[in-house]
Every structure is written in C-alpha cells, then in structure tokens.
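Step one of this worksheet: look at the structure below.
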Amino acid sequence: MLEGVVEQRVYLGMTTQVTVSLGGDARLVALDKQSYRASAEDRWEPGMRIKLGWHAEHALVLS
C-alpha cells in the first residue's frame, strides 16, 4: 500500500486522471473508470492524503 497526496484531478469523460505525489520527486498517475460517487466528499481533491493499492493482475510494467 502506498500513501500520497493528490496533486491534481482531471476529468477525461469516461475516466478521471488522478496525479498523486508519493514524496520527493516520485509521482503516480492513476486512471479511475467512471463510477458513481454519492457526494462531493467521495471525490479525490488536490491536497487530500490518500492510500493507494491495486491487484497484481491490474498492473502494467513499462521498461
């Protein structure tokens, strides 16, 4: 599990791109498929501290 701070959120239609600072120069960019959010409190906002994790089968290694 990684911890970070949301830097920005960009709505891209069917997905939302979320950039998370992991400390230092490390950043992670995640795509959230369009899903129903009950309220504004459920959205990732810049400055919000979050925890990130994913299943191994959903990872793509680039080299």
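In the structure tokens, chains take the letters A, B, ... in the order shown, each chain's residues start at 1, and ligands count up from 1 in the order shown.
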Contacts of segment 23-29 of chain A at 9 Å (only C-alpha atoms; same-chain gap of 5+ positions) as a ChimeraX atom specification: /A:3-5,17-18
Residue set, chain A restricted to strand (DSSP E), as a PyMOL selection string: chain A and resi 2-11+15-23+26-33+49-52
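Across chain A, DSSP run on the backbone finds helix (DSSP H, G or I) at A:Ala40, A:Glu41, A:Asp42, A:Ala56, A:Glu57, A:His58.
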Please produce a file of the residues just selected, as a PDB file, in the first residue's frame, where the atoms kept are N, CA and C atoms.
ATOM      1  N   ALA A  40     -19.819  14.907  -3.122  1.00  0.00           N
ATOM      2  CA  ALA A  40     -18.526  15.561  -3.328  1.00  0.00           C
ATOM      3  C   ALA A  40     -17.488  15.049  -2.336  1.00  0.00           C
ATOM      4  N   GLU A  41     -17.919  14.565  -1.191  1.00  0.00           N
ATOM      5  CA  GLU A  41     -16.994  14.045  -0.179  1.00  0.00           C
ATOM      6  C   GLU A  41     -16.286  12.784  -0.651  1.00  0.00           C
ATOM      7  N   ASP A  42     -16.846  12.099  -1.662  1.00  0.00           N
ATOM      8  CA  ASP A  42     -16.262  10.867  -2.169  1.00  0.00           C
ATOM      9  C   ASP A  42     -15.226  11.111  -3.263  1.00  0.00           C
ATOM     10  N   ALA A  56      -2.321  -7.277  -8.498  1.00  0.00           N
ATOM     11  CA  ALA A  56      -1.200  -7.523  -9.407  1.00  0.00           C
ATOM     12  C   ALA A  56      -1.664  -7.688 -10.852  1.00  0.00           C
ATOM     13  N   GLU A  57      -2.804  -8.308 -11.068  1.00  0.00           N
ATOM     14  CA  GLU A  57      -3.276  -8.532 -12.441  1.00  0.00           C
ATOM     15  C   GLU A  57      -3.720  -7.239 -13.129  1.00  0.00           C
ATOM     16  N   HIS A  58      -3.840  -6.168 -12.380  1.00  0.00           N
ATOM     17  CA  HIS A  58      -4.220  -4.879 -12.959  1.00  0.00           C
ATOM     18  C   HIS A  58      -3.014  -3.974 -13.195  1.00  0.00           C
TER      19      HIS A  58
END
